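Q: For reference, the file model-v5.cif (mmCIF, N, CA and C atoms) is included below:
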```
data_input
#
loop_
_atom_site.group_PDB
_atom_site.id
_atom_site.type_symbol
_atom_site.label_atom_id
_atom_site.label_comp_id
_atom_site.auth_asym_id
_atom_site.auth_seq_id
_atom_site.Cartn_x
_atom_site.Cartn_y
_atom_site.Cartn_z
ATOM 1 N N PRO T 5 0.806 -1.205 0.000
ATOM 2 C CA PRO T 5 0.000 0.000 0.000
ATOM 3 C C PRO T 5 0.851 1.273 0.000
ATOM 4 N N ARG T 6 1.990 1.253 0.692
ATOM 5 C CA ARG T 6 2.833 2.452 0.756
ATOM 6 C C ARG T 6 3.315 2.858 -0.636
ATOM 7 N N ASP T 7 3.751 1.886 -1.441
ATOM 8 C CA ASP T 7 4.218 2.192 -2.794
ATOM 9 C C ASP T 7 3.114 2.858 -3.614
ATOM 10 N N PHE T 8 1.891 2.364 -3.446
ATOM 11 C CA PHE T 8 0.757 2.943 -4.165
ATOM 12 C C PHE T 8 0.603 4.421 -3.810
ATOM 13 N N TYR T 9 0.635 4.724 -2.515
ATOM 14 C CA TYR T 9 0.432 6.106 -2.089
ATOM 15 C C TYR T 9 1.621 7.000 -2.422
ATOM 16 N N GLU T 10 2.829 6.467 -2.368
ATOM 17 C CA GLU T 10 3.989 7.263 -2.771
ATOM 18 C C GLU T 10 3.910 7.626 -4.251
ATOM 19 N N ALA T 11 3.542 6.651 -5.073
ATOM 20 C CA ALA T 11 3.396 6.911 -6.507
ATOM 21 C C ALA T 11 2.261 7.896 -6.764
ATOM 22 N N ARG T 12 1.185 7.773 -6.012
ATOM 23 C CA ARG T 12 0.029 8.661 -6.188
ATOM 24 C C ARG T 12 0.380 10.091 -5.771
ATOM 25 N N ALA T 13 1.118 10.250 -4.669
ATOM 26 C CA ALA T 13 1.518 11.587 -4.212
ATOM 27 C C ALA T 13 2.388 12.265 -5.263
ATOM 28 N N LYS T 14 3.340 11.537 -5.801
ATOM 29 C CA LYS T 14 4.215 12.067 -6.843
ATOM 30 C C LYS T 14 3.390 12.496 -8.056
ATOM 31 N N SER T 15 2.465 11.650 -8.453
ATOM 32 C CA SER T 15 1.622 11.947 -9.607
ATOM 33 C C SER T 15 0.734 13.168 -9.360
ATOM 34 N N LEU T 16 0.172 13.278 -8.161
ATOM 35 C CA LEU T 16 -0.678 14.423 -7.843
ATOM 36 C C LEU T 16 0.087 15.733 -7.962
ATOM 37 N N LEU T 17 1.304 15.769 -7.424
ATOM 38 C CA LEU T 17 2.116 16.989 -7.499
ATOM 39 C C LEU T 17 2.448 17.341 -8.945
ATOM 40 N N LYS T 18 2.902 16.345 -9.689
ATOM 41 C CA LYS T 18 3.298 16.602 -11.075
ATOM 42 C C LYS T 18 2.097 17.033 -11.919
ATOM 43 N N ASP T 19 0.975 16.333 -11.754
ATOM 44 C CA ASP T 19 -0.221 16.650 -12.544
ATOM 45 C C ASP T 19 -0.756 18.044 -12.230
ATOM 46 N N LEU T 20 -0.770 18.414 -10.954
ATOM 47 C CA LEU T 20 -1.263 19.740 -10.585
ATOM 48 C C LEU T 20 -0.368 20.833 -11.152
ATOM 49 N N ARG T 21 0.938 20.651 -11.022
ATOM 50 C CA ARG T 21 1.873 21.644 -11.555
ATOM 51 C C ARG T 21 1.679 21.819 -13.055
ATOM 52 N N GLU T 22 1.563 20.704 -13.758
ATOM 53 C CA GLU T 22 1.369 20.762 -15.210
ATOM 54 C C GLU T 22 0.029 21.396 -15.575
ATOM 55 N N SER T 23 -1.026 21.056 -14.841
ATOM 56 C CA SER T 23 -2.347 21.601 -15.157
ATOM 57 C C SER T 23 -2.413 23.110 -14.923
ATOM 58 N N LYS T 24 -1.613 23.610 -13.987
ATOM 59 C CA LYS T 24 -1.566 25.045 -13.708
ATOM 60 C C LYS T 24 -0.606 25.775 -14.641
ATOM 61 N N GLY T 25 0.188 25.003 -15.406
ATOM 62 C CA GLY T 25 1.140 25.619 -16.328
ATOM 63 C C GLY T 25 2.268 26.351 -15.617
ATOM 64 N N VAL T 26 2.670 25.841 -14.460
ATOM 65 C CA VAL T 26 3.702 26.483 -13.655
ATOM 66 C C VAL T 26 5.016 25.728 -13.847
ATOM 67 N N SER T 27 6.056 26.434 -14.202
ATOM 68 C CA SER T 27 7.367 25.808 -14.348
ATOM 69 C C SER T 27 7.940 25.484 -12.973
ATOM 70 N N TYR T 28 8.927 24.612 -12.948
ATOM 71 C CA TYR T 28 9.586 24.308 -11.682
ATOM 72 C C TYR T 28 10.304 25.542 -11.139
ATOM 73 N N LYS T 29 10.826 26.355 -12.018
ATOM 74 C CA LYS T 29 11.501 27.582 -11.583
ATOM 75 C C LYS T 29 10.499 28.509 -10.885
ATOM 76 N N GLU T 30 9.326 28.657 -11.481
ATOM 77 C CA GLU T 30 8.278 29.490 -10.884
ATOM 78 C C GLU T 30 7.772 28.869 -9.578
ATOM 79 N N LEU T 31 7.635 27.557 -9.551
ATOM 80 C CA LEU T 31 7.179 26.882 -8.331
ATOM 81 C C LEU T 31 8.182 27.113 -7.200
ATOM 82 N N ALA T 32 9.463 27.022 -7.492
ATOM 83 C CA ALA T 32 10.485 27.279 -6.475
ATOM 84 C C ALA T 32 10.355 28.702 -5.938
ATOM 85 N N ARG T 33 10.087 29.652 -6.823
ATOM 86 C CA ARG T 33 9.904 31.042 -6.402
ATOM 87 C C ARG T 33 8.675 31.170 -5.496
ATOM 88 N N ARG T 34 7.574 30.526 -5.877
ATOM 89 C CA ARG T 34 6.348 30.585 -5.065
ATOM 90 C C ARG T 34 6.529 29.928 -3.699
ATOM 91 N N LEU T 35 7.299 28.853 -3.664
ATOM 92 C CA LEU T 35 7.510 28.149 -2.395
ATOM 93 C C LEU T 35 8.232 29.010 -1.370
ATOM 94 N N GLU T 36 9.010 29.972 -1.833
ATOM 95 C CA GLU T 36 9.704 30.861 -0.900
ATOM 96 C C GLU T 36 8.729 31.585 0.008
ATOM 97 N N ALA T 37 7.525 31.889 -0.495
ATOM 98 C CA ALA T 37 6.500 32.550 0.312
ATOM 99 C C ALA T 37 6.008 31.649 1.452
ATOM 100 N N TYR T 38 6.254 30.337 1.327
ATOM 101 C CA TYR T 38 5.844 29.375 2.350
ATOM 102 C C TYR T 38 7.038 28.923 3.193
ATOM 103 N N GLY T 39 8.141 29.662 3.080
ATOM 104 C CA GLY T 39 9.310 29.352 3.889
ATOM 105 C C GLY T 39 10.185 28.245 3.354
ATOM 106 N N VAL T 40 9.962 27.861 2.113
ATOM 107 C CA VAL T 40 10.746 26.791 1.503
ATOM 108 C C VAL T 40 11.694 27.409 0.486
ATOM 109 N N THR T 41 12.983 27.300 0.759
ATOM 110 C CA THR T 41 13.983 27.780 -0.179
ATOM 111 C C THR T 41 14.621 26.566 -0.824
ATOM 112 N N VAL T 42 14.371 26.401 -2.106
ATOM 113 C CA VAL T 42 14.892 25.238 -2.825
ATOM 114 C C VAL T 42 15.207 25.646 -4.256
ATOM 115 N N ASP T 43 16.356 25.219 -4.739
ATOM 116 C CA ASP T 43 16.724 25.462 -6.127
ATOM 117 C C ASP T 43 15.771 24.661 -7.021
ATOM 118 N N TYR T 44 15.393 25.238 -8.133
ATOM 119 C CA TYR T 44 14.413 24.563 -8.982
ATOM 120 C C TYR T 44 14.918 23.212 -9.496
ATOM 121 N N ARG T 45 16.230 23.065 -9.677
ATOM 122 C CA ARG T 45 16.776 21.784 -10.133
ATOM 123 C C ARG T 45 16.649 20.718 -9.046
ATOM 124 N N VAL T 46 16.832 21.116 -7.801
ATOM 125 C CA VAL T 46 16.630 20.203 -6.674
ATOM 126 C C VAL T 46 15.152 19.846 -6.572
ATOM 127 N N LEU T 47 14.301 20.823 -6.805
ATOM 128 C CA LEU T 47 12.853 20.606 -6.780
ATOM 129 C C LEU T 47 12.443 19.582 -7.833
ATOM 130 N N ILE T 48 12.967 19.713 -9.032
ATOM 131 C CA ILE T 48 12.665 18.749 -10.100
ATOM 132 C C ILE T 48 13.032 17.341 -9.654
ATOM 133 N N ASN T 49 14.256 17.190 -9.130
ATOM 134 C CA ASN T 49 14.710 15.868 -8.695
ATOM 135 C C ASN T 49 13.864 15.322 -7.560
ATOM 136 N N ARG T 50 13.535 16.164 -6.601
ATOM 137 C CA ARG T 50 12.748 15.727 -5.444
ATOM 138 C C ARG T 50 11.373 15.230 -5.886
ATOM 139 N N VAL T 51 10.721 15.976 -6.760
ATOM 140 C CA VAL T 51 9.392 15.576 -7.217
ATOM 141 C C VAL T 51 9.477 14.328 -8.085
ATOM 142 N N ASN T 52 10.432 14.268 -8.994
ATOM 143 C CA ASN T 52 10.550 13.103 -9.867
ATOM 144 C C ASN T 52 10.863 11.822 -9.099
ATOM 145 N N ARG T 53 11.614 11.935 -8.010
ATOM 146 C CA ARG T 53 11.920 10.764 -7.177
ATOM 147 C C ARG T 53 10.772 10.442 -6.227
ATOM 148 N N GLY T 54 9.901 11.407 -5.993
ATOM 149 C CA GLY T 54 8.848 11.218 -4.999
ATOM 150 C C GLY T 54 9.411 11.303 -3.591
ATOM 151 N N ASP T 55 10.533 12.012 -3.456
ATOM 152 C CA ASP T 55 11.256 12.101 -2.187
ATOM 153 C C ASP T 55 10.861 13.377 -1.446
ATOM 154 N N PHE T 56 9.673 13.366 -0.815
ATOM 155 C CA PHE T 56 9.206 14.545 -0.100
ATOM 156 C C PHE T 56 8.235 14.145 0.995
ATOM 157 N N SER T 57 8.132 15.003 1.987
ATOM 158 C CA SER T 57 7.221 14.761 3.106
ATOM 159 C C SER T 57 5.814 15.237 2.758
ATOM 160 N N PHE T 58 4.879 14.841 3.598
ATOM 161 C CA PHE T 58 3.506 15.300 3.415
ATOM 162 C C PHE T 58 3.432 16.816 3.604
ATOM 163 N N ALA T 59 4.200 17.335 4.567
ATOM 164 C CA ALA T 59 4.224 18.781 4.799
ATOM 165 C C ALA T 59 4.709 19.514 3.549
ATOM 166 N N PHE T 60 5.748 18.998 2.915
ATOM 167 C CA PHE T 60 6.248 19.607 1.683
ATOM 168 C C PHE T 60 5.181 19.547 0.593
ATOM 169 N N ALA T 61 4.505 18.418 0.470
ATOM 170 C CA ALA T 61 3.446 18.287 -0.536
ATOM 171 C C ALA T 61 2.359 19.338 -0.294
ATOM 172 N N LEU T 62 1.982 19.549 0.969
ATOM 173 C CA LEU T 62 0.966 20.558 1.269
ATOM 174 C C LEU T 62 1.449 21.955 0.894
ATOM 175 N N GLN T 63 2.728 22.243 1.113
ATOM 176 C CA GLN T 63 3.281 23.541 0.718
ATOM 177 C C GLN T 63 3.223 23.711 -0.797
ATOM 178 N N VAL T 64 3.528 22.656 -1.523
ATOM 179 C CA VAL T 64 3.460 22.719 -2.984
ATOM 180 C C VAL T 64 2.018 22.926 -3.431
ATOM 181 N N PHE T 65 1.078 22.173 -2.850
ATOM 182 C CA PHE T 65 -0.333 22.343 -3.213
ATOM 183 C C PHE T 65 -0.775 23.785 -2.965
ATOM 184 N N ALA T 66 -0.382 24.342 -1.828
ATOM 185 C CA ALA T 66 -0.753 25.721 -1.514
ATOM 186 C C ALA T 66 -0.118 26.692 -2.505
ATOM 187 N N ALA T 67 1.152 26.485 -2.808
ATOM 188 C CA ALA T 67 1.852 27.376 -3.745
ATOM 189 C C ALA T 67 1.244 27.322 -5.137
ATOM 190 N N LEU T 68 0.627 26.186 -5.456
ATOM 191 C CA LEU T 68 -0.019 26.040 -6.768
ATOM 192 C C LEU T 68 -1.493 26.435 -6.738
ATOM 193 N N GLY T 69 -1.980 26.849 -5.569
ATOM 194 C CA GLY T 69 -3.362 27.327 -5.472
ATOM 195 C C GLY T 69 -4.405 26.238 -5.345
ATOM 196 N N ALA T 70 -4.009 25.058 -4.934
ATOM 197 C CA ALA T 70 -4.980 23.972 -4.764
ATOM 198 C C ALA T 70 -5.885 24.279 -3.579
ATOM 199 N N GLN T 71 -7.157 24.049 -3.736
ATOM 200 C CA GLN T 71 -8.118 24.266 -2.664
ATOM 201 C C GLN T 71 -8.407 22.982 -1.898
ATOM 202 N N SER T 72 -8.247 21.850 -2.579
ATOM 203 C CA SER T 72 -8.482 20.553 -1.944
ATOM 204 C C SER T 72 -7.778 19.478 -2.764
ATOM 205 N N ILE T 73 -7.631 18.313 -2.156
ATOM 206 C CA ILE T 73 -7.078 17.170 -2.868
ATOM 207 C C ILE T 73 -7.958 15.967 -2.577
ATOM 208 N N ASP T 74 -8.039 15.055 -3.516
ATOM 209 C CA ASP T 74 -8.782 13.818 -3.324
ATOM 210 C C ASP T 74 -7.809 12.734 -2.893
ATOM 211 N N VAL T 75 -8.136 12.065 -1.801
ATOM 212 C CA VAL T 75 -7.304 10.962 -1.322
ATOM 213 C C VAL T 75 -7.798 9.693 -1.996
ATOM 214 N N PRO T 76 -6.910 9.041 -2.755
ATOM 215 C CA PRO T 76 -7.352 7.844 -3.466
ATOM 216 C C PRO T 76 -7.593 6.689 -2.496
ATOM 217 N N PRO T 77 -8.605 5.878 -2.762
ATOM 218 C CA PRO T 77 -8.849 4.718 -1.899
ATOM 219 C C PRO T 77 -7.750 3.677 -2.114
ATOM 220 N N LEU T 78 -7.528 2.872 -1.099
ATOM 221 C CA LEU T 78 -6.571 1.785 -1.213
ATOM 222 C C LEU T 78 -7.077 0.802 -2.259
ATOM 223 N N PRO T 79 -6.233 0.433 -3.199
ATOM 224 C CA PRO T 79 -6.686 -0.513 -4.224
ATOM 225 C C PRO T 79 -6.948 -1.886 -3.621
ATOM 226 N N ASP T 80 -7.681 -2.713 -4.360
ATOM 227 C CA ASP T 80 -7.961 -4.055 -3.841
ATOM 228 C C ASP T 80 -6.685 -4.907 -3.844
ATOM 229 N N ALA T 81 -6.741 -6.040 -3.230
ATOM 230 C CA ALA T 81 -5.560 -6.886 -3.042
ATOM 231 C C ALA T 81 -4.923 -7.285 -4.369
ATOM 232 N N ARG T 82 -5.713 -7.530 -5.404
ATOM 233 C CA ARG T 82 -5.140 -7.899 -6.701
ATOM 234 C C ARG T 82 -4.316 -6.763 -7.267
ATOM 235 N N ALA T 83 -4.750 -5.539 -7.060
ATOM 236 C CA ALA T 83 -4.011 -4.386 -7.569
ATOM 237 C C ALA T 83 -2.684 -4.227 -6.836
ATOM 238 N N LEU T 84 -2.630 -4.646 -5.590
ATOM 239 C CA LEU T 84 -1.393 -4.514 -4.817
ATOM 240 C C LEU T 84 -0.281 -5.415 -5.337
ATOM 241 N N GLU T 85 -0.638 -6.414 -6.114
ATOM 242 C CA GLU T 85 0.368 -7.306 -6.675
ATOM 243 C C GLU T 85 1.100 -6.665 -7.846
ATOM 244 N N ARG T 86 0.569 -5.578 -8.388
ATOM 245 C CA ARG T 86 1.204 -4.891 -9.504
ATOM 246 C C ARG T 86 2.125 -3.813 -8.988
ATOM 247 N N THR T 87 2.982 -3.324 -9.867
ATOM 248 C CA THR T 87 3.929 -2.275 -9.489
ATOM 249 C C THR T 87 3.217 -0.932 -9.452
ATOM 250 N N PRO T 88 3.778 0.052 -8.738
ATOM 251 C CA PRO T 88 3.171 1.383 -8.704
ATOM 252 C C PRO T 88 2.991 1.975 -10.106
ATOM 253 N N LYS T 89 3.947 1.725 -10.996
ATOM 254 C CA LYS T 89 3.842 2.249 -12.362
ATOM 255 C C LYS T 89 2.633 1.677 -13.069
ATOM 256 N N GLU T 90 2.396 0.371 -12.883
ATOM 257 C CA GLU T 90 1.230 -0.256 -13.492
ATOM 258 C C GLU T 90 -0.067 0.298 -12.913
ATOM 259 N N LEU T 91 -0.053 0.603 -11.614
ATOM 260 C CA LEU T 91 -1.245 1.145 -10.964
ATOM 261 C C LEU T 91 -1.592 2.528 -11.497
ATOM 262 N N MET T 92 -0.567 3.306 -11.834
ATOM 263 C CA MET T 92 -0.794 4.670 -12.298
ATOM 264 C C MET T 92 -1.223 4.697 -13.763
ATOM 265 N N GLY T 93 -1.155 3.586 -14.421
ATOM 266 C CA GLY T 93 -1.625 3.502 -15.791
ATOM 267 C C GLY T 93 -0.583 3.809 -16.756
#
```
What do you get writing this file as structure tokens?
A:
Amino acid sequence: PRDFYEARAKSLLKDLRESKGVSYKELARRLEAYGVTVDYRVLINRVNRGDFSFAFALQVFAALGAQSIDVPPLPDARALERTPKELMG
């Protein structure tokens, strides 16, 4: 289940950023308003690896203007046998 949620968190951040049309450079600039100082290249790597805390994800959602997020339900047991990449489609 953890792999599923880690993959989903990464996907949510990437999809929201893309849907808002915000570059990583601009996102890094916006994050400064939330007390997060990060080089945009480090930000790219962190998001692509999925290497971030829930608090960081909330800061990114806020910086991108998200009002809410949908928490995906835990997939059924058969879905857990597949890799996170397969689950994300």
Q: Run the PyMOL selection byres (((chain T and resi 43 and name CA) around 12) and name CA) on the file and write out the hits as a VMD selection string.
A: chain T and resid 28 to 36 40 to 42 44 to 50
Q: Convert the current residue selection to file output with N, CA and C atoms, as a short mmCIF file (atom, residue, chain, number, x, y, z; two decimals), keeping the file's coordinate frame.
A:
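result-v7.cif written:
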```
data_model
loop_
_atom_site.label_atom_id
_atom_site.label_comp_id
_atom_site.auth_asym_id
_atom_site.auth_seq_id
_atom_site.Cartn_x
_atom_site.Cartn_y
_atom_site.Cartn_z
N TYR T 28 8.93 24.61 -12.95
CA TYR T 28 9.59 24.31 -11.68
C TYR T 28 10.30 25.54 -11.14
N LYS T 29 10.83 26.36 -12.02
CA LYS T 29 11.50 27.58 -11.58
C LYS T 29 10.50 28.51 -10.88
N GLU T 30 9.33 28.66 -11.48
CA GLU T 30 8.28 29.49 -10.88
C GLU T 30 7.77 28.87 -9.58
N LEU T 31 7.64 27.56 -9.55
CA LEU T 31 7.18 26.88 -8.33
C LEU T 31 8.18 27.11 -7.20
N ALA T 32 9.46 27.02 -7.49
CA ALA T 32 10.48 27.28 -6.48
C ALA T 32 10.36 28.70 -5.94
N ARG T 33 10.09 29.65 -6.82
CA ARG T 33 9.90 31.04 -6.40
C ARG T 33 8.68 31.17 -5.50
N ARG T 34 7.57 30.53 -5.88
CA ARG T 34 6.35 30.58 -5.07
C ARG T 34 6.53 29.93 -3.70
N LEU T 35 7.30 28.85 -3.66
CA LEU T 35 7.51 28.15 -2.40
C LEU T 35 8.23 29.01 -1.37
N GLU T 36 9.01 29.97 -1.83
CA GLU T 36 9.70 30.86 -0.90
C GLU T 36 8.73 31.58 0.01
N VAL T 40 9.96 27.86 2.11
CA VAL T 40 10.75 26.79 1.50
C VAL T 40 11.69 27.41 0.49
N THR T 41 12.98 27.30 0.76
CA THR T 41 13.98 27.78 -0.18
C THR T 41 14.62 26.57 -0.82
N VAL T 42 14.37 26.40 -2.11
CA VAL T 42 14.89 25.24 -2.82
C VAL T 42 15.21 25.65 -4.26
N TYR T 44 15.39 25.24 -8.13
CA TYR T 44 14.41 24.56 -8.98
C TYR T 44 14.92 23.21 -9.50
N ARG T 45 16.23 23.06 -9.68
CA ARG T 45 16.78 21.78 -10.13
C ARG T 45 16.65 20.72 -9.05
N VAL T 46 16.83 21.12 -7.80
CA VAL T 46 16.63 20.20 -6.67
C VAL T 46 15.15 19.85 -6.57
N LEU T 47 14.30 20.82 -6.80
CA LEU T 47 12.85 20.61 -6.78
C LEU T 47 12.44 19.58 -7.83
N ILE T 48 12.97 19.71 -9.03
CA ILE T 48 12.66 18.75 -10.10
C ILE T 48 13.03 17.34 -9.65
N ASN T 49 14.26 17.19 -9.13
CA ASN T 49 14.71 15.87 -8.70
C ASN T 49 13.86 15.32 -7.56
N ARG T 50 13.54 16.16 -6.60
CA ARG T 50 12.75 15.73 -5.44
C ARG T 50 11.37 15.23 -5.89
#
```
Q: Enter the distance from atom C of T:Leu62 to atom C of T:Leu78, in Å, rounded to one decimal.
A: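 Pair atom C of T:Leu62 / atom C of T:Leu78 returns 23.0 Å.
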Q: Which is closest to T:Ser15 among T:Ala59, T:Val51, T:Val64, T:Val75, if we use all atoms listed in the file?
A: T:Val51
Q: Counting only N, CA and C atoms, which residue out of T:Asp19, T:Gly39, T:Ala13, T:Pro77 sits closest to T:Ala61?
A: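 Once distances to T:Ala61 are computed over only N, CA and C atoms, the minimum belongs to T:Ala13.
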Q: Quick check, in Å to one decimal: how far apart do atom C of T:Arg21 and atom C of T:Tyr9 lie?
A: 18.2 Å
Q: Using DSSP on the backbone coordinates, identify the residues of chain T assigned to alpha helix (DSSP H); present them as a compact mmCIF listing (two decimals) with N, CA and C atoms, keeping the file's coordinate frame.
A:
```
# COMPACT_ATOMS: atom_id res chain seq x y z
N ARG T 6 1.99 1.25 0.69
CA ARG T 6 2.83 2.45 0.76
C ARG T 6 3.32 2.86 -0.64
N ASP T 7 3.75 1.89 -1.44
CA ASP T 7 4.22 2.19 -2.79
C ASP T 7 3.11 2.86 -3.61
N PHE T 8 1.89 2.36 -3.45
CA PHE T 8 0.76 2.94 -4.16
C PHE T 8 0.60 4.42 -3.81
N TYR T 9 0.64 4.72 -2.52
CA TYR T 9 0.43 6.11 -2.09
C TYR T 9 1.62 7.00 -2.42
N GLU T 10 2.83 6.47 -2.37
CA GLU T 10 3.99 7.26 -2.77
C GLU T 10 3.91 7.63 -4.25
N ALA T 11 3.54 6.65 -5.07
CA ALA T 11 3.40 6.91 -6.51
C ALA T 11 2.26 7.90 -6.76
N ARG T 12 1.18 7.77 -6.01
CA ARG T 12 0.03 8.66 -6.19
C ARG T 12 0.38 10.09 -5.77
N ALA T 13 1.12 10.25 -4.67
CA ALA T 13 1.52 11.59 -4.21
C ALA T 13 2.39 12.26 -5.26
N LYS T 14 3.34 11.54 -5.80
CA LYS T 14 4.22 12.07 -6.84
C LYS T 14 3.39 12.50 -8.06
N SER T 15 2.46 11.65 -8.45
CA SER T 15 1.62 11.95 -9.61
C SER T 15 0.73 13.17 -9.36
N LEU T 16 0.17 13.28 -8.16
CA LEU T 16 -0.68 14.42 -7.84
C LEU T 16 0.09 15.73 -7.96
N LEU T 17 1.30 15.77 -7.42
CA LEU T 17 2.12 16.99 -7.50
C LEU T 17 2.45 17.34 -8.94
N LYS T 18 2.90 16.34 -9.69
CA LYS T 18 3.30 16.60 -11.08
C LYS T 18 2.10 17.03 -11.92
N ASP T 19 0.98 16.33 -11.75
CA ASP T 19 -0.22 16.65 -12.54
C ASP T 19 -0.76 18.04 -12.23
N LEU T 20 -0.77 18.41 -10.95
CA LEU T 20 -1.26 19.74 -10.58
C LEU T 20 -0.37 20.83 -11.15
N ARG T 21 0.94 20.65 -11.02
CA ARG T 21 1.87 21.64 -11.56
C ARG T 21 1.68 21.82 -13.06
N GLU T 22 1.56 20.70 -13.76
CA GLU T 22 1.37 20.76 -15.21
C GLU T 22 0.03 21.40 -15.58
N SER T 23 -1.03 21.06 -14.84
CA SER T 23 -2.35 21.60 -15.16
C SER T 23 -2.41 23.11 -14.92
N LYS T 24 -1.61 23.61 -13.99
CA LYS T 24 -1.57 25.04 -13.71
C LYS T 24 -0.61 25.78 -14.64
N TYR T 28 8.93 24.61 -12.95
CA TYR T 28 9.59 24.31 -11.68
C TYR T 28 10.30 25.54 -11.14
N LYS T 29 10.83 26.36 -12.02
CA LYS T 29 11.50 27.58 -11.58
C LYS T 29 10.50 28.51 -10.88
N GLU T 30 9.33 28.66 -11.48
CA GLU T 30 8.28 29.49 -10.88
C GLU T 30 7.77 28.87 -9.58
N LEU T 31 7.64 27.56 -9.55
CA LEU T 31 7.18 26.88 -8.33
C LEU T 31 8.18 27.11 -7.20
N ALA T 32 9.46 27.02 -7.49
CA ALA T 32 10.48 27.28 -6.48
C ALA T 32 10.36 28.70 -5.94
N ARG T 33 10.09 29.65 -6.82
CA ARG T 33 9.90 31.04 -6.40
C ARG T 33 8.68 31.17 -5.50
N ARG T 34 7.57 30.53 -5.88
CA ARG T 34 6.35 30.58 -5.07
C ARG T 34 6.53 29.93 -3.70
N LEU T 35 7.30 28.85 -3.66
CA LEU T 35 7.51 28.15 -2.40
C LEU T 35 8.23 29.01 -1.37
N TYR T 44 15.39 25.24 -8.13
CA TYR T 44 14.41 24.56 -8.98
C TYR T 44 14.92 23.21 -9.50
N ARG T 45 16.23 23.06 -9.68
CA ARG T 45 16.78 21.78 -10.13
C ARG T 45 16.65 20.72 -9.05
N VAL T 46 16.83 21.12 -7.80
CA VAL T 46 16.63 20.20 -6.67
C VAL T 46 15.15 19.85 -6.57
N LEU T 47 14.30 20.82 -6.80
CA LEU T 47 12.85 20.61 -6.78
C LEU T 47 12.44 19.58 -7.83
N ILE T 48 12.97 19.71 -9.03
CA ILE T 48 12.66 18.75 -10.10
C ILE T 48 13.03 17.34 -9.65
N ASN T 49 14.26 17.19 -9.13
CA ASN T 49 14.71 15.87 -8.70
C ASN T 49 13.86 15.32 -7.56
N ARG T 50 13.54 16.16 -6.60
CA ARG T 50 12.75 15.73 -5.44
C ARG T 50 11.37 15.23 -5.89
N VAL T 51 10.72 15.98 -6.76
CA VAL T 51 9.39 15.58 -7.22
C VAL T 51 9.48 14.33 -8.09
N ASN T 52 10.43 14.27 -8.99
CA ASN T 52 10.55 13.10 -9.87
C ASN T 52 10.86 11.82 -9.10
N ARG T 53 11.61 11.94 -8.01
CA ARG T 53 11.92 10.76 -7.18
C ARG T 53 10.77 10.44 -6.23
N PHE T 58 4.88 14.84 3.60
CA PHE T 58 3.51 15.30 3.42
C PHE T 58 3.43 16.82 3.60
N ALA T 59 4.20 17.34 4.57
CA ALA T 59 4.22 18.78 4.80
C ALA T 59 4.71 19.51 3.55
N PHE T 60 5.75 19.00 2.92
CA PHE T 60 6.25 19.61 1.68
C PHE T 60 5.18 19.55 0.59
N ALA T 61 4.50 18.42 0.47
CA ALA T 61 3.45 18.29 -0.54
C ALA T 61 2.36 19.34 -0.29
N LEU T 62 1.98 19.55 0.97
CA LEU T 62 0.97 20.56 1.27
C LEU T 62 1.45 21.96 0.89
N GLN T 63 2.73 22.24 1.11
CA GLN T 63 3.28 23.54 0.72
C GLN T 63 3.22 23.71 -0.80
N VAL T 64 3.53 22.66 -1.52
CA VAL T 64 3.46 22.72 -2.98
C VAL T 64 2.02 22.93 -3.43
N PHE T 65 1.08 22.17 -2.85
CA PHE T 65 -0.33 22.34 -3.21
C PHE T 65 -0.78 23.78 -2.96
N ALA T 66 -0.38 24.34 -1.83
CA ALA T 66 -0.75 25.72 -1.51
C ALA T 66 -0.12 26.69 -2.50
N ALA T 67 1.15 26.48 -2.81
CA ALA T 67 1.85 27.38 -3.74
C ALA T 67 1.24 27.32 -5.14
N ALA T 81 -6.74 -6.04 -3.23
CA ALA T 81 -5.56 -6.89 -3.04
C ALA T 81 -4.92 -7.28 -4.37
N ARG T 82 -5.71 -7.53 -5.40
CA ARG T 82 -5.14 -7.90 -6.70
C ARG T 82 -4.32 -6.76 -7.27
N ALA T 83 -4.75 -5.54 -7.06
CA ALA T 83 -4.01 -4.39 -7.57
C ALA T 83 -2.68 -4.23 -6.84
N LEU T 84 -2.63 -4.65 -5.59
CA LEU T 84 -1.39 -4.51 -4.82
C LEU T 84 -0.28 -5.42 -5.34
N PRO T 88 3.78 0.05 -8.74
CA PRO T 88 3.17 1.38 -8.70
C PRO T 88 2.99 1.98 -10.11
N LYS T 89 3.95 1.72 -11.00
CA LYS T 89 3.84 2.25 -12.36
C LYS T 89 2.63 1.68 -13.07
N GLU T 90 2.40 0.37 -12.88
CA GLU T 90 1.23 -0.26 -13.49
C GLU T 90 -0.07 0.30 -12.91
N LEU T 91 -0.05 0.60 -11.61
CA LEU T 91 -1.25 1.14 -10.96
C LEU T 91 -1.59 2.53 -11.50
N MET T 92 -0.57 3.31 -11.83
CA MET T 92 -0.79 4.67 -12.30
C MET T 92 -1.22 4.70 -13.76
```
Q: Dump as number ranges by chain all residues having an atom at most 5 Å from (6.7, 14.6, -3.4), computed in the file's coordinates with only N, CA and C atoms.
A: T: 14, 51, 54-56
Q: Give me, as number ranges by chain, all polymer residues having an atom no more than 8 Å from T:Lys18, counting all atoms listed in the file and skipping those fewer than 6 positions away in the same chain.
A: T: 12, 24, 51-52
Q: Quick one: distance from atom N of T:Phe58 to atom C of T:Glu10 in Å, one decimal?
A: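 Between atom N of T:Phe58 and atom C of T:Glu10 the gap is 10.7 Å.
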Q: Got a sec to check which residues sit within 12 Å of (-4.9, 24.0, -4.4), counting only C-alpha atoms, and write them as a ChimeraX atom specification?
A: /T:16-17,19-21,23-24,61-74
